[in-house]
$ cat final_10.cif   # mmCIF, C-alpha atoms
data_run
loop_
_atom_site.label_atom_id
_atom_site.label_comp_id
_atom_site.auth_asym_id
_atom_site.auth_seq_id
_atom_site.Cartn_x
_atom_site.Cartn_y
_atom_site.Cartn_z
CA MET A 410 137.22 193.29 127.25
CA LYS A 411 135.91 190.14 128.85
CA VAL A 412 132.80 188.43 127.51
CA LEU A 413 130.57 185.89 129.17
CA ILE A 414 128.96 183.47 126.72
CA LEU A 415 126.08 181.31 127.86
CA PHE A 416 124.70 178.51 125.74
CA PHE A 417 121.06 177.44 125.99
CA LEU A 418 119.77 174.11 124.63
CA MET A 419 116.29 173.98 123.13
CA GLY A 420 113.94 172.13 125.39
CA CYS A 421 116.04 172.68 128.51
CA ASN A 422 114.59 174.43 131.51
CA VAL A 423 116.73 177.16 133.01
CA ILE A 424 116.44 179.15 136.21
CA LYS A 425 118.59 182.27 136.18
CA PHE A 426 119.43 184.42 139.19
CA PHE A 427 121.61 187.50 139.11
CA GLY A 428 121.57 191.08 140.25
CA ASN A 429 121.64 194.35 138.28
CA GLU A 430 120.39 192.54 135.18
CA ASP A 431 119.87 195.57 132.99
CA ASN A 432 123.24 197.18 133.60
CA ILE A 433 125.89 194.55 134.22
CA SER A 434 129.29 196.19 134.46
CA GLU A 435 132.44 194.61 133.11
CA GLU A 436 133.73 194.02 136.64
CA PHE A 437 130.86 191.55 137.13
CA PHE A 438 132.85 189.03 135.14
CA TYR A 439 135.99 189.05 137.30
CA ASN A 440 135.35 190.84 140.57
CA PRO A 441 134.81 188.40 143.47
CA ASN A 442 132.71 191.10 145.14
CA SER A 443 130.22 191.10 142.26
CA GLU A 444 126.59 190.37 142.92
CA PRO A 445 125.74 186.64 142.98
CA PHE A 446 124.96 184.77 139.78
CA ILE A 447 123.58 181.22 139.51
CA GLU A 448 121.98 179.33 136.64
CA VAL A 449 120.30 176.01 137.34
CA ASN A 450 120.11 173.92 134.15
CA PHE A 451 117.79 170.95 133.75
CA PRO A 452 117.96 168.26 131.05
CA GLU A 453 115.39 167.97 128.29
CA GLN A 454 112.28 166.09 129.36
CA LYS A 455 111.14 163.86 126.49
CA ARG A 456 108.68 161.63 128.33
CA THR A 457 106.62 161.32 131.49
CA LYS A 458 107.96 157.95 132.68
CA TYR A 459 111.53 156.98 133.49
CA ILE A 460 113.30 153.96 134.91
CA SER A 461 114.14 154.67 138.53
CA ASP A 462 117.89 154.15 138.08
CA GLU A 463 118.19 156.69 135.26
CA SER A 464 120.48 159.51 136.31
CA LEU A 465 120.39 161.66 133.14
CA ILE A 466 116.98 163.16 133.85
CA ARG A 467 117.96 163.72 137.52
CA THR A 468 121.23 165.53 136.78
CA VAL A 469 121.29 169.29 137.35
CA ASN A 470 124.15 171.49 136.18
CA PHE A 471 125.02 175.03 137.13
CA ASN A 472 126.59 178.22 135.85
CA PHE A 473 127.88 180.52 138.59
CA LEU A 474 130.59 183.01 139.45
CA PRO A 475 134.03 181.35 139.40
CA PHE A 476 135.11 182.85 142.73
CA GLY A 477 133.53 180.37 145.06
CA GLU A 478 131.85 176.98 145.35
CA LEU A 479 128.32 175.60 145.11
CA TRP A 480 126.85 173.35 147.76
CA CYS A 481 123.48 171.57 147.56
CA SER A 482 121.08 170.32 150.20
CA SER A 483 117.90 168.24 149.93
CA ASP A 484 117.04 168.22 153.64
CA ASP A 485 116.34 171.87 154.45
CA ALA A 486 120.00 172.81 154.94
CA GLN A 487 120.70 170.08 157.48
CA ASN A 488 123.38 168.58 155.25
CA PHE A 489 125.22 169.89 152.18
CA VAL A 490 127.30 168.27 149.43
CA GLU A 491 129.55 170.11 147.01
CA CYS A 492 127.72 170.24 143.67
CA GLY A 493 129.43 172.72 141.38
CA ASP A 494 130.29 170.00 138.84
CA GLY A 495 126.72 168.74 138.76
CA TYR A 496 124.15 167.38 141.16
CA VAL A 497 122.01 164.24 140.90
CA TRP A 498 118.84 164.43 142.97
CA GLU A 499 117.26 161.27 144.34
CA VAL A 500 113.96 159.85 143.09
CA ALA A 501 112.57 160.13 146.61
CA ASP A 502 113.31 163.88 146.51
CA TYR A 503 111.37 164.60 143.30
CA ASN A 504 108.93 166.83 145.18
CA THR A 505 111.51 168.21 147.62
CA GLU A 506 112.75 171.78 147.56
CA HIS A 507 116.55 171.75 147.13
CA ILE A 508 118.84 174.51 148.32
CA VAL A 509 121.74 175.67 146.15
CA GLU A 510 124.21 177.72 148.17
CA TYR A 511 127.01 179.81 146.63
CA ARG A 512 129.92 180.29 149.02
CA GLY A 513 132.17 183.01 147.70
CA ASP A 514 135.91 183.17 148.27
CA ASN A 515 135.33 186.47 150.07
CA GLY A 516 133.00 184.82 152.58
CA ASN A 517 129.77 186.00 151.03
CA ILE A 518 126.99 183.43 150.86
CA PHE A 519 124.03 183.46 148.52
CA SER A 520 121.42 180.73 148.10
CA THR A 521 118.49 179.85 145.87
CA THR A 522 116.22 176.83 145.53
CA PHE A 523 114.75 174.48 142.96
CA THR A 524 112.14 171.72 143.09
CA PRO A 525 112.48 168.95 140.45
CA SER A 526 108.74 168.38 140.12
CA THR A 527 108.23 172.04 139.30
CA GLU A 528 110.85 172.16 136.55
CA LEU A 529 110.23 168.62 135.22
CA PRO A 530 106.51 168.10 135.84
CA ASN A 531 104.39 164.96 135.71
CA ILE A 532 107.22 162.44 135.90
CA SER A 533 106.85 159.00 137.40
CA PHE A 534 109.65 156.52 138.06
CA LEU A 535 109.34 152.82 137.29
CA THR A 536 111.08 149.72 138.60
CA CYS A 537 111.92 147.06 136.01
CA THR A 538 110.06 143.77 136.30
CA PHE A 539 112.77 142.35 134.03
CA GLU A 540 115.40 143.74 131.69
CA VAL A 541 116.33 142.46 128.24
CA THR A 542 120.11 142.76 127.89
CA ALA A 543 120.78 140.74 124.70
CA ASN A 544 119.29 140.51 121.23
CA GLU A 545 116.30 138.20 120.82
CA SER A 546 113.31 137.43 118.58
CA PHE A 547 109.76 138.76 118.84
CA ALA A 548 108.63 135.28 119.91
CA ALA A 549 111.21 135.16 122.70
CA PHE A 550 110.16 138.62 123.88
CA TYR A 551 106.39 138.09 123.98
CA GLY A 552 107.00 134.60 125.35
CA ARG A 553 108.44 136.09 128.53
CA THR A 554 106.33 136.17 131.68
CA PHE A 555 104.07 139.22 131.62
CA SER A 556 101.48 139.98 134.26
CA ASP A 557 99.46 142.94 135.50
CA PRO A 558 101.49 145.13 135.85
CA THR A 559 104.81 144.57 134.04
CA VAL A 560 107.65 146.99 133.29
CA ALA A 561 109.76 145.46 130.51
CA CYS A 562 113.06 147.34 130.33
CA ILE A 563 115.20 147.14 127.19
CA GLY A 564 118.95 147.67 127.49
CA ASP A 565 121.06 149.98 125.36
CA GLY A 566 121.98 148.50 121.96
CA VAL A 567 119.52 145.59 122.22
CA GLN A 568 117.67 144.61 119.04
CA ILE A 569 114.47 142.56 119.17
CA SER A 570 113.65 141.34 115.66
CA ASN A 571 111.17 139.41 113.58
CA ALA A 572 112.63 137.64 110.54
CA GLY A 573 109.10 137.13 109.24
CA ALA A 574 107.71 134.12 111.10
CA ASP A 575 106.71 135.70 114.42
CA SER A 576 103.39 137.29 115.36
CA PRO A 577 103.10 140.94 116.44
CA ILE A 578 104.15 141.81 119.95
CA SER A 579 100.97 141.84 122.03
CA PHE A 580 100.04 141.26 125.64
CA ALA A 581 97.51 139.18 127.54
CA PHE A 582 97.27 141.75 130.34
CA PRO A 583 96.74 145.50 130.77
CA ASN A 584 99.16 147.83 132.56
CA ILE A 585 102.25 146.97 130.50
CA THR A 586 105.18 149.32 129.91
CA VAL A 587 107.93 148.64 127.37
CA ILE A 588 110.69 151.15 128.07
CA ALA A 589 114.33 152.02 127.43
CA ARG A 590 116.33 154.66 129.24
CA GLN A 591 116.38 158.12 127.69
CA GLY A 592 119.29 158.32 125.26
CA ASP A 593 119.66 154.54 124.89
CA VAL A 594 118.91 152.78 121.59
CA ALA A 595 116.52 149.83 121.89
CA THR A 596 115.30 148.62 118.49
CA PHE A 597 112.31 146.53 117.47
CA SER A 598 112.68 145.53 113.82
CA SER A 599 110.37 143.46 111.60
CA ALA A 600 110.77 141.92 108.15
CA LYS A 601 107.18 140.62 108.07
CA ALA A 602 104.80 142.20 105.55
CA THR A 603 101.11 143.10 106.07
CA ASP A 604 101.29 142.91 109.84
CA SER A 605 101.76 145.00 112.96
CA ILE A 606 104.94 145.26 114.98
CA PHE A 607 103.18 146.16 118.25
CA ASP A 608 99.48 145.39 118.77
CA ASP A 609 97.85 146.27 122.09
CA VAL A 610 94.87 143.96 121.34
CA SER A 611 92.52 146.37 123.15
CA ARG A 612 94.41 146.19 126.44
CA GLY A 613 94.29 149.19 128.73
CA ASN A 614 97.16 151.36 129.98
CA ILE A 615 99.91 150.24 127.60
CA ASP A 616 103.00 152.48 127.36
CA TYR A 617 105.74 152.36 124.73
CA ILE A 618 108.65 154.59 125.76
CA GLY A 619 112.14 155.24 124.41
CA LEU A 620 112.02 152.73 121.53
CA LYS A 621 113.15 152.66 117.90
CA VAL A 622 110.81 150.73 115.58
CA THR A 623 111.84 149.82 112.03
CA GLY A 624 110.41 147.80 109.13
CA ASN A 625 111.11 147.26 105.44
CA GLN A 626 108.03 145.45 104.13
CA VAL A 627 104.71 146.54 102.60
CA GLN A 628 101.62 147.28 104.69
CA GLN A 629 103.33 147.31 108.04
CA ILE A 630 101.95 149.10 111.10
CA ALA A 631 104.46 150.03 113.79
CA PHE A 632 101.81 150.50 116.52
CA ASN A 633 98.25 149.23 116.17
CA ILE A 634 96.32 150.89 119.01
CA THR A 635 92.79 149.77 119.92
CA GLY A 636 92.93 149.97 123.73
CA THR A 637 92.48 152.69 126.34
CA ASP A 638 95.02 155.05 127.94
CA VAL A 639 97.86 154.35 125.54
CA ASP A 640 101.03 156.49 125.62
CA ILE A 641 103.75 156.49 122.95
CA GLU A 642 106.68 158.65 124.08
CA ASP A 643 110.25 159.33 122.94
CA VAL A 644 109.87 156.88 120.04
CA GLU A 645 111.40 156.80 116.55
CA ILE A 646 109.54 155.00 113.75
CA ASP A 647 111.21 154.30 110.39
CA LEU A 648 109.22 152.32 107.81
CA THR A 649 110.26 151.95 104.15
CA GLY A 650 107.49 149.74 102.70
CA SER A 651 104.49 151.10 100.78
CA ALA A 652 101.00 151.37 102.28
CA SER A 653 102.44 151.37 105.81
CA ALA A 654 101.38 153.33 108.88
CA GLY A 655 103.51 154.55 111.76
CA ILE A 656 100.66 154.64 114.29
CA LYS A 657 97.13 153.36 113.62
CA THR A 658 94.43 154.05 116.18
CA SER A 659 90.86 152.82 116.45
CA THR A 660 89.94 153.36 120.08
CA ASN A 661 86.21 154.13 120.08
CA GLY A 662 86.83 157.61 121.40
CA ASN A 663 89.56 156.80 123.90
CA LEU A 664 92.63 159.02 124.17
CA VAL A 665 96.06 158.27 122.71
CA ASN A 666 98.99 160.44 123.87
CA ILE A 667 101.92 160.86 121.48
CA ARG A 668 104.95 162.75 122.81
CA SER A 669 108.44 163.33 121.34
CA VAL A 670 107.76 160.89 118.49
CA ASN A 671 109.58 160.98 115.14
CA ILE A 672 107.82 159.11 112.32
CA ASN A 673 109.52 158.76 108.94
CA LEU A 674 107.78 156.86 106.13
CA THR A 675 109.93 157.05 103.02
CA ASP A 676 107.78 155.29 100.39
CA THR A 677 105.76 157.67 98.19
CA GLY A 678 102.90 155.23 97.67
CA SER A 679 99.82 155.18 99.87
CA GLY A 680 100.56 155.24 103.58
CA GLU A 681 100.07 157.39 106.65
CA GLY A 682 102.34 158.59 109.43
CA ILE A 683 99.30 158.47 111.71
CA TYR A 684 96.04 156.78 110.67
CA THR A 685 93.33 157.53 113.19
CA GLN A 686 89.76 156.26 113.22
CA ASN A 687 87.30 157.38 115.89
CA SER A 688 90.07 158.33 118.34
CA ASN A 689 91.02 161.37 120.37
CA ILE A 690 94.71 162.25 119.92
CA ASN A 691 97.09 164.52 121.82
CA ILE A 692 100.46 164.97 120.14
CA TYR A 693 103.36 167.01 121.49
CA ASP A 694 106.88 167.88 120.33
CA SER A 695 106.84 165.44 117.41
CA GLU A 696 107.67 165.26 113.71
CA ILE A 697 105.51 163.16 111.39
CA GLN A 698 106.80 162.71 107.84
CA SER A 699 105.26 160.51 105.18
CA GLY A 700 105.47 159.93 101.44
CA TYR A 701 101.68 160.31 101.43
CA ASN A 702 99.52 161.59 104.33
CA ALA A 703 101.24 162.72 107.50
CA VAL A 704 97.90 162.23 109.29
CA TYR A 705 94.70 160.66 107.94
CA PHE A 706 91.49 161.10 109.93
CA TRP A 707 88.58 158.75 109.39
CA LYS A 708 85.36 159.24 111.34
CA ASN A 709 82.33 156.98 111.04
CA SER A 710 80.75 157.56 114.43
CA THR A 711 78.25 160.02 115.87
CA SER A 712 80.75 161.19 118.49
CA THR A 713 82.98 164.25 118.29
CA TYR A 714 86.69 163.46 118.07
CA VAL A 715 89.55 165.88 118.62
CA PHE A 716 93.13 165.92 117.31
CA ASN A 717 95.30 168.32 119.33
CA ALA A 718 98.88 169.01 118.26
CA SER A 719 101.43 171.42 119.71
CA ASN A 720 105.08 172.12 118.89
CA SER A 721 104.98 169.55 116.11
CA VAL A 722 105.81 169.29 112.40
CA PHE A 723 103.77 167.46 109.75
CA ILE A 724 105.32 166.80 106.33
CA GLY A 725 103.71 165.21 103.27
CA ASN A 726 105.97 164.27 100.35
CA LYS A 727 103.61 162.98 97.65
CA ILE A 728 105.02 164.54 94.47
CA ASN A 729 102.80 165.56 91.53
CA PRO A 730 99.42 164.28 92.72
CA PRO A 731 96.76 164.05 89.99
CA ASN A 732 94.95 167.12 91.33
CA GLY A 733 95.12 169.58 94.17
CA SER A 734 93.10 167.45 96.55
CA ASN A 735 95.03 164.17 96.47
CA PRO A 736 96.47 163.79 98.99
CA GLY A 737 96.55 166.23 101.87
CA VAL A 738 99.27 166.40 104.51
CA LEU A 739 96.42 166.28 107.01
CA GLU A 740 93.38 164.66 105.42
CA THR A 741 89.90 164.17 106.86
CA PHE A 742 87.14 161.82 105.71
CA ILE A 743 83.84 161.78 107.61
CA ASN A 744 80.92 159.56 106.60
CA GLU A 745 78.66 160.24 109.58
CA GLY A 746 76.57 163.38 109.59
CA THR A 747 76.37 163.91 113.36
CA ASN A 748 78.81 166.03 115.38
CA SER A 749 82.30 166.89 114.22
CA HIS A 750 85.99 166.22 113.98
CA GLN A 751 88.22 168.99 115.32
CA ILE A 752 91.83 169.53 114.27
CA ASN A 753 93.62 171.98 116.58
CA LEU A 754 97.22 172.93 115.79
CA THR A 755 99.30 175.26 117.99
CA ASP A 756 102.93 176.35 117.49
CA SER A 757 103.31 173.82 114.69
CA GLN A 758 104.19 173.48 111.00
CA VAL A 759 102.39 171.80 108.12
CA ILE A 760 104.67 171.35 105.10
CA SER A 761 103.45 169.98 101.78
CA ASN A 762 105.79 168.81 99.04
CA GLY A 763 102.87 167.80 96.85
CA GLY A 764 99.14 168.22 97.43
CA ALA A 765 97.15 170.39 99.79
CA ALA A 766 98.23 170.99 103.38
CA PHE A 767 94.67 170.27 104.58
CA LEU A 768 92.12 168.24 102.66
CA VAL A 769 88.53 167.69 103.77
CA LYS A 770 86.60 165.51 101.34
CA ASN A 771 83.49 163.37 100.95
CA ALA A 772 82.43 164.36 104.43
CA ALA A 773 78.88 164.05 105.70
CA GLY A 774 79.73 165.53 109.09
CA ILE A 775 81.50 168.67 110.22
CA ALA A 776 85.26 169.20 110.10
CA ASP A 777 86.61 172.12 112.14
CA ILE A 778 90.20 173.29 111.65
CA ASN A 779 91.73 175.68 114.18
CA LEU A 780 95.23 177.07 113.64
CA SER A 781 97.18 179.09 116.20
CA ARG A 782 100.77 180.32 115.72
CA THR A 783 101.19 177.75 112.96
CA VAL A 784 103.12 177.88 109.67
CA VAL A 785 101.51 176.30 106.60
CA LYS A 786 104.23 175.94 103.98
CA ARG A 787 104.51 174.69 100.41
CA GLY A 788 107.92 173.08 99.94
CA GLY A 789 110.24 174.31 97.22
CA SER A 790 111.05 171.01 95.52
CA VAL A 791 107.67 170.21 93.94
CA ASN A 792 106.43 170.77 90.41
CA PHE A 793 102.82 171.39 91.35
CA ASP A 794 100.76 174.29 92.59
CA GLY A 795 97.33 174.63 94.15
CA PRO A 796 95.48 175.82 97.25
CA ALA A 797 96.75 175.23 100.75
CA ILE A 798 93.34 174.06 102.03
CA VAL A 799 90.94 172.10 99.87
CA VAL A 800 87.35 171.27 100.79
CA GLU A 801 85.30 169.17 98.40
CA SER A 802 82.03 167.23 98.29
CA MET A 803 80.93 168.42 101.70
CA ALA A 804 77.39 168.13 102.99
CA SER A 805 77.68 170.35 106.07
CA THR A 806 78.96 173.77 107.11
CA ASN A 807 82.52 173.64 108.40
CA THR A 808 84.75 176.15 110.11
CA LEU A 809 88.32 177.26 109.58
CA VAL A 810 89.65 179.49 112.37
CA VAL A 811 93.09 181.05 111.88
CA ASP A 812 94.71 183.41 114.36
CA SER A 813 96.81 186.43 113.46
CA GLU A 814 100.08 184.60 114.19
CA THR A 815 99.46 181.83 111.65
CA TYR A 816 101.35 182.21 108.40
CA PHE A 817 100.85 180.69 104.94
CA CYS A 818 103.85 180.79 102.64
CA ASN A 819 105.74 179.23 99.74
CA GLU A 820 109.27 178.02 100.27
CA SER A 821 109.83 178.45 96.56
CA SER A 822 108.25 181.20 94.46
CA SER A 823 108.92 179.41 91.16
CA ALA A 824 105.97 178.57 88.93
CA GLY A 825 104.43 175.20 89.59
CA ALA A 826 105.66 174.93 93.16
CA THR A 827 103.48 177.31 95.13
CA TYR A 828 100.27 177.67 97.01
CA THR A 829 98.14 179.73 94.66
CA SER A 830 95.50 180.44 97.32
CA ILE A 831 94.80 179.71 100.94
CA LEU A 832 91.42 178.10 100.45
CA ASN A 833 89.64 176.29 97.63
CA ASP A 834 86.16 175.48 98.88
CA LEU A 835 84.34 173.38 96.33
CA SER A 836 81.37 172.98 98.64
CA THR A 837 80.96 176.74 99.31
CA ASN A 838 80.13 175.97 102.93
CA VAL A 839 83.29 176.82 104.85
CA ILE A 840 83.22 179.85 107.14
CA PHE A 841 86.48 181.68 106.48
CA ASN A 842 87.66 185.17 107.27
CA PRO A 843 91.12 185.89 105.86
CA SER A 844 91.09 189.38 107.39
CA ASP A 845 91.88 187.71 110.73
CA MET A 846 95.26 186.60 109.42
CA ASP A 847 98.47 188.55 109.63
CA GLU A 848 100.45 189.10 106.41
CA HIS A 849 97.51 188.19 104.13
CA VAL A 850 95.36 190.77 102.45
CA ASN A 851 93.07 188.24 100.76
CA ASN A 852 92.64 184.58 99.97
CA THR A 853 95.17 184.61 97.13
CA ASP A 854 97.90 186.67 98.78
CA ILE A 855 100.50 184.02 99.60
CA GLY A 856 104.12 185.06 99.36
CA SER A 857 107.41 183.25 99.77
CA CYS A 858 108.64 182.19 103.18
#
$ encode --input "final_10.cif" --output "C-alpha cells"
Amino acid sequence: MKVLILFFLMGCNVIKFFGNEDNISEEFFYNPNSEPFIEVNFPEQKRTKYISDESLIRTVNFNFLPFGELWCSSDDAQNFVECGDGYVWEVADYNTEHIVEYRGDNGNIFSTTFTPSTELPNISFLTCTFEVTANESFAAFYGRTFSDPTVACIGDGVQISNAGADSPISFAFPNITVIARQGDVATFSSAKATDSIFDDVSRGNIDYIGLKVTGNQVQQIAFNITGTDVDIEDVEIDLTGSASAGIKTSTNGNLVNIRSVNINLTDTGSGEGIYTQNSNINIYDSEIQSGYNAVYFWKNSTSTYVFNASNSVFIGNKINPPNGSNPGVLETFINEGTNSHQINLTDSQVISNGGAAFLVKNAAGIADINLSRTVVKRGGSVNFDGPAIVVESMASTNTLVVDSETYFCNESSSAGATYTSILNDLSTNVIFNPSDMDEHVNNTDIGSC
C-alpha cells in the first residue's frame, strides 16, 4: 500500500488542484496516467512591507505528480522556465497572473494559475535608502542622515545598542521605515532605565518591521507611539525590568497597527505589554505576555476608542493578587463619562495566571466587551480563584457580548486555581446573557479546559 503524506504549515497559503477528490484510487499515487495534481505553496506572510530584494516571500513551492515536470510563465505563456524545485516571482509581477504547467511523461499537459497579490495581499516592496551592516550605537544610528522618506534597512545579525548614555531613537521627519528582512535577526538593545528605546515624537507614517527589541532596566518602553499611521510588524519585544511597557500609545484617536508581534515582559511587578491611552488599536496574529497587565486601556477623552484583536493571545502572569480585581489581563480605566471604549476579540485567547481575565474599574464612561470564537482561560499554576470578568465602581451601563463559540474554562480544576464564575459585577449595571454561550448553563458553570 502506498501512502501520500502532505504537510501543511500554519499560516501558509495553499492552492490545491486534483481530480476525483472524494474517491482517489491507489493507482493515483503511481500511475502516470492519473488525473493531474498540483499544490502551489506560499510562504507565511508576517508583514505588509518587504525589502525589494527579499526572495523568501516571493518563493513558491509545489507538490505535483512525480511523472512529469512543472514549467512556469509570467508573461501569458510566451516564455516558460522549469520551476518544479521552486519558483521566485519578480516584484514587478506581484499583480501578474502566473501559469503553472504540468507536462507529464506521457505527453499530457495540465495547467493552473496563481496571482501573488491574491494569495499574499496588501504587500508593498521598499528600496533601502541605506543599510546598516555592522554593530553600532543608538547615537550612531539616529545620527545618520534621515529625510522624508527614509527606508533604514538593518542587516542580519546586526545589533544596535545603548549602553545607557544615548537618547531614544527618534526622527526629525515623517515617513520613516526601520526594517529587516523576514527571518533575519536585527536587534535594538538598551541598558538605559526610565526611557524609551524607540520614540516617534509624534511623527506620521513611521513603520518598525522585522526587529528584535530588548532591555533589562526598570521603566523602559520599547515603542513610545504618539504619531499617526504607525505600524509595528513582525517584531519581538523582550523586557525584563519592572514597570516597563512593550508598546505605549497616546495618539489622540489615531490608529496603530500591530501585526505578528511577540511581547514578553518577565517581571511580575507593575508593567504592561501594551499600554494604550486614547488610541485606536488593530492587532493581528500576536502574543502579548506580561507579569502584570497584557493590555491596559486608559481613556480620558470624550471620543470612542476601539481595540480590535484577532488570532492573538494575551497572557497575564501576576500571581496571588490581593483580590480578584487586581490586576486584569486586559484592564480598562475610563475617567470620562462620554462615549465608550470597545474591546473586540475574535479567534483569540485570554489566559490569566493570577487575577481576572477582564477588569473594568473606576470607570465613568462605558466599556463594551465583545468576544467571538475566543477562549478565556484560567491557568493551572496559580493559587488563587475568582471570576473571569470583574466590573467594579462603574457609573454607567456597560455591555458584554459573547457568541456561542466563546469558551470559558479552567486549565486546572484544583481548589484555589480556578475561575469560580464568569462575571462578578459589583456595579450591577452590566448587560449579560449567559444563555448565549455554548457549554455554559449559568454564570457559575465553568469547567476544566
$ resolve_selection --input "final_10.cif" --expression "the PyMOL selection byres ((chain A and resi 687-701) around 7)" --output "VMD selection string"
chain A and resid 658 to 682 685 to 686 702 to 703 707 to 710 714 to 727 736
$ resolve_selection --input "final_10.cif" --expression "the PyMOL selection byres ((chain A and resi 831) around 12)" --output "PyMOL selection string"
chain A and resi 765-768+785-787+794-800+809+811+815-819+827-830+832-834+841-843+846+849-856
$ closest_residue --input "final_10.cif" --among "A:Pro583, A:Gly789, A:Pro577, A:Gly774" --to "Ser556 of chain A" --atoms "all atoms listed in the file"
A:Pro583
$ resolve_selection --input "final_10.cif" --expression "the PyMOL selection byres ((chain A and resi 527-543) around 8)" --output "PyMOL selection string"
chain A and resi 422+451+454+456-461+500+504+523-526+544-545+559-565+567-568
$ residues_around --input "final_10.cif" --residues "Ser749 of chain A" --least-positions-apart "2" --cutoff "9 Å" --atoms "all atoms listed in the file" --output "JSON, numbers by chain"
{"A": [708, 711, 712, 713, 714, 715, 743, 745, 746, 747, 751, 774, 775, 776, 777, 807]}
$ closest_residue --input "final_10.cif" --among "A:Asp756, A:Glu499, A:Glu478, A:Glu820" --to "Gly516 of chain A" --atoms "only C-alpha atoms"
A:Glu478
$ closest_residue --input "final_10.cif" --among "A:Thr603, A:Ser761, A:Ser520, A:Ser651" --to "Gly737 of chain A" --atoms "only C-alpha atoms"
A:Ser761
$ closest_residue --input "final_10.cif" --among "A:Ile615, A:Ala549, A:Trp498, A:Phe597" --to "Asp462 of chain A" --atoms "only C-alpha atoms"
A:Trp498
$ closest_residue --input "final_10.cif" --among "A:Leu620, A:Ile656, A:Ala572, A:Cys481" --to "Ser605 of chain A" --atoms "only C-alpha atoms"
A:Ile656
$ atom_distance --input "final_10.cif" --atom1 "atom CA of Asn450 of chain A" --atom2 "atom CA of Gly495 of chain A"
9.6 Å
$ residues_around --input "final_10.cif" --residues "Asp484 of chain A" --least-positions-apart "5" --cutoff "10 Å" --atoms "only C-alpha atoms" --output "ChimeraX atom specification"
/A:489,502,505-508
$ write_last_selection --input "final_10.cif" --atoms "C-alpha atoms" --output "PDB file, in the frame of the given file"
ATOM      1  CA  PHE A 489     125.220 169.890 152.180  1.00  0.00           C
ATOM      2  CA  ASP A 502     113.310 163.880 146.510  1.00  0.00           C
ATOM      3  CA  THR A 505     111.510 168.210 147.620  1.00  0.00           C
ATOM      4  CA  GLU A 506     112.750 171.780 147.560  1.00  0.00           C
ATOM      5  CA  HIS A 507     116.550 171.750 147.130  1.00  0.00           C
ATOM      6  CA  ILE A 508     118.840 174.510 148.320  1.00  0.00           C
TER       7      ILE A 508
END
$ atom_distance --input "final_10.cif" --atom1 "atom CA of Arg553 of chain A" --atom2 "atom CA of Gln629 of chain A"
23.9 Å
$ atom_distance --input "final_10.cif" --atom1 "atom CA of Phe742 of chain A" --atom2 "atom CA of Ile606 of chain A"
26.0 Å
$ residues_around --input "final_10.cif" --residues "Ile683 of chain A" --least-positions-apart "6" --cutoff "7 Å" --atoms "only C-alpha atoms" --output "PDB file with C-alpha atoms, keeping the file's coordinate frame"
ATOM      1  CA  ALA A 654     101.380 153.330 108.880  1.00  0.00           C
ATOM      2  CA  GLY A 655     103.510 154.550 111.760  1.00  0.00           C
ATOM      3  CA  ILE A 656     100.660 154.640 114.290  1.00  0.00           C
ATOM      4  CA  LYS A 657      97.130 153.360 113.620  1.00  0.00           C
ATOM      5  CA  ALA A 703     101.240 162.720 107.500  1.00  0.00           C
ATOM      6  CA  VAL A 704      97.900 162.230 109.290  1.00  0.00           C
ATOM      7  CA  TYR A 705      94.700 160.660 107.940  1.00  0.00           C
TER       8      TYR A 705
END
$ closest_residue --input "final_10.cif" --among "A:Lys455, A:His750, A:Arg512, A:Lys621" --to "Leu474 of chain A" --atoms "all atoms listed in the file"
A:Arg512
